[in-house]
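Worksheet for the structure shown next.
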Amino acid sequence: MALQLKKTVVMVGMMGAGKTAIGRAVADVLGVPFMDSDEEIVRAAQMEISEIFERDGEGFFRDREHEVISRLLEEGPCILSTGGGAFLAERNRDVVSEKGVSVWLRADLELLWSRVRHKDTRPLLRTPDPKATLTELLTARQPHYQNADLVVDSREDYSIPDMAERVVGCLKTRPDVIENK
Ligand SMILES: Nc1ncnc2c1ncn2[C@@H]1O[C@H](COP(=O)(O)OP(=O)(O)O)[C@@H](O)[C@H]1O
Ligand SMILES: O=C(O)C1=C[C@@H](OP(=O)(O)O)[C@@H](O)[C@H](O)C1
Ligand SMILES: [Mg+2]
């Protein structure tokens, strides 16, 4: 039986939670478009995220992020992965809850750290002690992610396809989001 996506699914959570990788896999399973707010910003600016932060500042990036998320939520249903800071802003939470459904990919510190430690692409982790920074961000951000509509837990031994199946299973509990055709 075919599944029909009725609303855009917005993936939220910390850097390294797998929003981009799992969001793309969920879109493949459902046969719907995949969008990533970071990728859209990079494409429009023709600059990497770290360059945007350096040249124009985080505030500029957050404004572009809000524009992209708002615009994509106006288009047909898709899987939309956001950057880890997006769901902290009330303006983004508001537009997501009005037009889409949010899924928090929850992961603990050690799992997040194992995923981000080898990559230098995230400007917020370019600090003398990036693990301590990640810890502080996780503590500060968790209360915001708790506002998401749905939660899917990550574990080290869940692969990307496993996680995609879990997300789809969770979406199927919501007839306003996904329906059997
Ligand atoms: N369930 C998973 N199992 C193994 N590796 C994963 C899993 N989810 C994500 N990854 C890997 O972790 C890294 C960070 O994932 P990514 O999707 O970029 O996270 P986010 O977009 O939330 O920052 C990537 O290298 C990705 O391939
Ligand atoms: O957590 C954040 O504030 C950020 C997360 C990044 O996206 P990912 O969560 O996809 O890594 C990217 O938007 C930017 O570096 C800021
Ligand atoms: Mg990402």
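Following the order of the structure tokens, first chain is A, next is B, and so on, with residues numbered from 1 inside each chain and ligands from 1 in the order they appear.
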
**Request:** DSSP on the backbone, then: every residue of chain A marked alpha helix (DSSP H), written as number ranges by chain.
**Result:** A: 19-30, 37-45, 49-56, 58-74, 90-99, 109-116, 130-145, 160-171

Find the residues of chain A that sit at most 10 Å from ligand 2; for each, write down the nearest two atoms and how far apart they are in Å, to one decimal. Count only C-alpha atoms and all ligand atoms. Sort by chain, then by number going up, and give it as JSON lines.
{"residue": "A:Met11", "atom": "CA", "partner": "ligand 2", "partner_atom_place_in_ligand_line": "10 (O)", "distance": 9.6}
{"residue": "A:Val12", "atom": "CA", "partner": "ligand 2", "partner_atom_place_in_ligand_line": "9 (O)", "distance": 7.9}
{"residue": "A:Gly13", "atom": "CA", "partner": "ligand 2", "partner_atom_place_in_ligand_line": "9 (O)", "distance": 6.9}
{"residue": "A:Met14", "atom": "CA", "partner": "ligand 2", "partner_atom_place_in_ligand_line": "9 (O)", "distance": 5.4}
{"residue": "A:Met15", "atom": "CA", "partner": "ligand 2", "partner_atom_place_in_ligand_line": "9 (O)", "distance": 3.5}
{"residue": "A:Gly16", "atom": "CA", "partner": "ligand 2", "partner_atom_place_in_ligand_line": "11 (O)", "distance": 5.8}
{"residue": "A:Ala17", "atom": "CA", "partner": "ligand 2", "partner_atom_place_in_ligand_line": "9 (O)", "distance": 7.3}
{"residue": "A:Gly18", "atom": "CA", "partner": "ligand 2", "partner_atom_place_in_ligand_line": "10 (O)", "distance": 7.5}
{"residue": "A:Lys19", "atom": "CA", "partner": "ligand 2", "partner_atom_place_in_ligand_line": "10 (O)", "distance": 6.2}
{"residue": "A:Thr20", "atom": "CA", "partner": "ligand 2", "partner_atom_place_in_ligand_line": "10 (O)", "distance": 6.0}
{"residue": "A:Ala21", "atom": "CA", "partner": "ligand 2", "partner_atom_place_in_ligand_line": "10 (O)", "distance": 9.1}
{"residue": "A:Asp36", "atom": "CA", "partner": "ligand 2", "partner_atom_place_in_ligand_line": "10 (O)", "distance": 8.2}
{"residue": "A:Ser37", "atom": "CA", "partner": "ligand 2", "partner_atom_place_in_ligand_line": "13 (O)", "distance": 7.7}
{"residue": "A:Asp38", "atom": "CA", "partner": "ligand 2", "partner_atom_place_in_ligand_line": "13 (O)", "distance": 5.5}
{"residue": "A:Glu39", "atom": "CA", "partner": "ligand 2", "partner_atom_place_in_ligand_line": "13 (O)", "distance": 9.1}
{"residue": "A:Ile41", "atom": "CA", "partner": "ligand 2", "partner_atom_place_in_ligand_line": "13 (O)", "distance": 9.3}
{"residue": "A:Glu48", "atom": "CA", "partner": "ligand 2", "partner_atom_place_in_ligand_line": "15 (O)", "distance": 9.5}
{"residue": "A:Ile49", "atom": "CA", "partner": "ligand 2", "partner_atom_place_in_ligand_line": "15 (O)", "distance": 6.1}
{"residue": "A:Ser50", "atom": "CA", "partner": "ligand 2", "partner_atom_place_in_ligand_line": "15 (O)", "distance": 7.0}
{"residue": "A:Ile52", "atom": "CA", "partner": "ligand 2", "partner_atom_place_in_ligand_line": "15 (O)", "distance": 9.8}
{"residue": "A:Phe53", "atom": "CA", "partner": "ligand 2", "partner_atom_place_in_ligand_line": "15 (O)", "distance": 8.5}
{"residue": "A:Glu58", "atom": "CA", "partner": "ligand 2", "partner_atom_place_in_ligand_line": "16 (C)", "distance": 8.4}
{"residue": "A:Phe61", "atom": "CA", "partner": "ligand 2", "partner_atom_place_in_ligand_line": "13 (O)", "distance": 8.5}
{"residue": "A:Arg62", "atom": "CA", "partner": "ligand 2", "partner_atom_place_in_ligand_line": "13 (O)", "distance": 8.7}
{"residue": "A:Glu65", "atom": "CA", "partner": "ligand 2", "partner_atom_place_in_ligand_line": "13 (O)", "distance": 8.1}
{"residue": "A:Ser81", "atom": "CA", "partner": "ligand 2", "partner_atom_place_in_ligand_line": "10 (O)", "distance": 7.5}
{"residue": "A:Thr82", "atom": "CA", "partner": "ligand 2", "partner_atom_place_in_ligand_line": "10 (O)", "distance": 6.2}
{"residue": "A:Gly83", "atom": "CA", "partner": "ligand 2", "partner_atom_place_in_ligand_line": "7 (O)", "distance": 3.4}
{"residue": "A:Gly84", "atom": "CA", "partner": "ligand 2", "partner_atom_place_in_ligand_line": "1 (O)", "distance": 3.3}
{"residue": "A:Gly85", "atom": "CA", "partner": "ligand 2", "partner_atom_place_in_ligand_line": "3 (O)", "distance": 3.5}
{"residue": "A:Ala86", "atom": "CA", "partner": "ligand 2", "partner_atom_place_in_ligand_line": "3 (O)", "distance": 6.9}
{"residue": "A:Phe87", "atom": "CA", "partner": "ligand 2", "partner_atom_place_in_ligand_line": "3 (O)", "distance": 9.3}
{"residue": "A:Leu88", "atom": "CA", "partner": "ligand 2", "partner_atom_place_in_ligand_line": "3 (O)", "distance": 8.8}
{"residue": "A:Arg115", "atom": "CA", "partner": "ligand 2", "partner_atom_place_in_ligand_line": "11 (O)", "distance": 9.9}
{"residue": "A:Val116", "atom": "CA", "partner": "ligand 2", "partner_atom_place_in_ligand_line": "11 (O)", "distance": 8.1}
{"residue": "A:Lys119", "atom": "CA", "partner": "ligand 2", "partner_atom_place_in_ligand_line": "11 (O)", "distance": 9.9}
{"residue": "A:Asp120", "atom": "CA", "partner": "ligand 2", "partner_atom_place_in_ligand_line": "15 (O)", "distance": 9.8}
{"residue": "A:Thr121", "atom": "CA", "partner": "ligand 2", "partner_atom_place_in_ligand_line": "15 (O)", "distance": 7.0}
{"residue": "A:Arg122", "atom": "CA", "partner": "ligand 2", "partner_atom_place_in_ligand_line": "15 (O)", "distance": 4.1}
{"residue": "A:Pro123", "atom": "CA", "partner": "ligand 2", "partner_atom_place_in_ligand_line": "15 (O)", "distance": 5.4}
{"residue": "A:Leu124", "atom": "CA", "partner": "ligand 2", "partner_atom_place_in_ligand_line": "15 (O)", "distance": 6.2}
{"residue": "A:Leu125", "atom": "CA", "partner": "ligand 2", "partner_atom_place_in_ligand_line": "15 (O)", "distance": 8.2}
{"residue": "A:Leu134", "atom": "CA", "partner": "ligand 2", "partner_atom_place_in_ligand_line": "1 (O)", "distance": 9.1}
{"residue": "A:Leu137", "atom": "CA", "partner": "ligand 2", "partner_atom_place_in_ligand_line": "1 (O)", "distance": 8.0}
{"residue": "A:Leu138", "atom": "CA", "partner": "ligand 2", "partner_atom_place_in_ligand_line": "1 (O)", "distance": 9.4}
{"residue": "A:Arg141", "atom": "CA", "partner": "ligand 2", "partner_atom_place_in_ligand_line": "1 (O)", "distance": 9.2}

Selection export as a CSV table (one decimal), in the first residue's frame, atoms kept: C-alpha atoms:
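Ended up saving to selection.csv:
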chain,number,residue,atom,x,y,z
A,11,MET,CA,13.9,17.1,11.3
A,12,VAL,CA,15.3,18.9,14.4
A,13,GLY,CA,18.0,18.1,16.9
A,14,MET,CA,21.7,18.6,17.7
A,15,MET,CA,24.6,18.7,15.3
A,16,GLY,CA,25.5,15.1,14.5
A,17,ALA,CA,22.1,13.7,15.4
A,18,GLY,CA,21.7,12.6,11.8
A,19,LYS,CA,19.1,15.1,10.6
A,20,THR,CA,20.7,15.4,7.1
A,21,ALA,CA,21.6,11.7,6.6
A,36,ASP,CA,18.1,20.6,3.9
A,37,SER,CA,18.1,24.2,5.0
A,38,ASP,CA,21.9,24.3,5.3
A,39,GLU,CA,22.3,23.1,1.8
A,41,ILE,CA,21.7,28.5,2.3
A,48,GLU,CA,30.2,27.3,3.0
A,49,ILE,CA,28.4,27.8,6.3
A,50,SER,CA,31.7,28.6,8.1
A,52,ILE,CA,29.0,32.8,6.1
A,53,PHE,CA,29.5,32.8,9.8
A,58,GLU,CA,25.6,34.2,12.9
A,61,PHE,CA,22.9,33.1,8.9
A,62,ARG,CA,19.9,32.8,11.2
A,65,GLU,CA,17.8,30.0,7.8
A,81,SER,CA,16.2,18.8,7.6
A,82,THR,CA,17.2,21.9,9.5
A,83,GLY,CA,20.5,22.9,11.2
A,84,GLY,CA,20.9,22.2,14.9
A,85,GLY,CA,20.2,25.8,15.9
A,86,ALA,CA,17.0,26.3,13.9
A,87,PHE,CA,14.5,25.0,16.4
A,88,LEU,CA,15.8,27.4,19.1
A,115,ARG,CA,29.8,11.9,14.8
A,116,VAL,CA,31.1,15.5,14.9
A,119,LYS,CA,34.6,17.3,11.1
A,120,ASP,CA,35.6,20.9,11.0
A,121,THR,CA,32.7,22.2,9.1
A,122,ARG,CA,30.6,23.4,12.0
A,123,PRO,CA,31.6,26.9,13.0
A,124,LEU,CA,30.1,26.7,16.5
A,125,LEU,CA,32.4,23.9,17.4
A,134,LEU,CA,28.9,20.5,22.5
A,137,LEU,CA,24.9,23.4,23.6
A,138,LEU,CA,23.2,20.1,24.3
A,141,ARG,CA,19.1,23.3,23.6

**Asked** Using only C-alpha atoms, which of the listed residues (A:Leu112, A:Leu171, A:Ile178, A:Leu80) sits closest to A:Arg155?
**Response**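 Looking at the shortest contact to A:Arg155, the residue is A:Leu112.
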
**Request:** Would you list the contacts of A:Leu30 as an NGL selection string, taking every protein, DNA or RNA residue within 8 Å and counting only C-alpha atoms, but skipping same-chain residues closer than 4 positions in sequence?
**Result:** :A and (3-5 or 26)

**Asked** Just how far from atom CA of A:Val9 is atom CA of A:Val177, in Å to one decimal?
**Response**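 These atoms are spaced 8.1 Å apart.
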
**Prompt:** Pick the closest to A:Arg43 from A:Leu111, A:Ile79, A:Ala89, A:Val68: which is it, counting only C-alpha atoms?
**Reply:**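 Closest residue, counting only C-alpha atoms: A:Val68.
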
**Message:** Taking only stretch 39-173 of chain A into account, list the residues labelled strand (DSSP E) by DSSP (computed from the backbone), as a PyMOL selection string.
**Reply:** chain A and resi 79-81+100-106+150-153

Can those selected residues be exported to a file as a short mmCIF file (atom, residue, chain, number, x, y, z; two decimals), in the first residue's frame so that it contains C-alpha atoms?
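Output saved as part_16.cif:
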data_model
loop_
_atom_site.label_atom_id
_atom_site.label_comp_id
_atom_site.auth_asym_id
_atom_site.auth_seq_id
_atom_site.Cartn_x
_atom_site.Cartn_y
_atom_site.Cartn_z
CA ILE A 79 11.30 16.03 4.31
CA LEU A 80 13.09 19.15 5.51
CA SER A 81 16.23 18.76 7.59
CA GLY A 100 4.55 21.06 9.28
CA VAL A 101 5.36 18.42 11.85
CA SER A 102 8.64 18.36 13.78
CA VAL A 103 10.66 15.25 14.59
CA TRP A 104 13.42 15.49 17.19
CA LEU A 105 16.24 13.04 16.56
CA ARG A 106 17.38 12.60 20.15
CA LEU A 150 7.57 13.62 17.73
CA VAL A 151 10.76 12.13 19.15
CA VAL A 152 12.88 9.33 17.72
CA ASP A 153 15.83 8.07 19.76
#

**Request:** Could you check how far atom CA of A:Thr127 sits from atom CA of A:Glu54, in Å to one decimal?
**Result:** 13.8 Å

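Relative to atom CA of A:Thr173, atom 1 (Mg, counted along the ligand's line) of ligand 3 is found at 25.1 Å.
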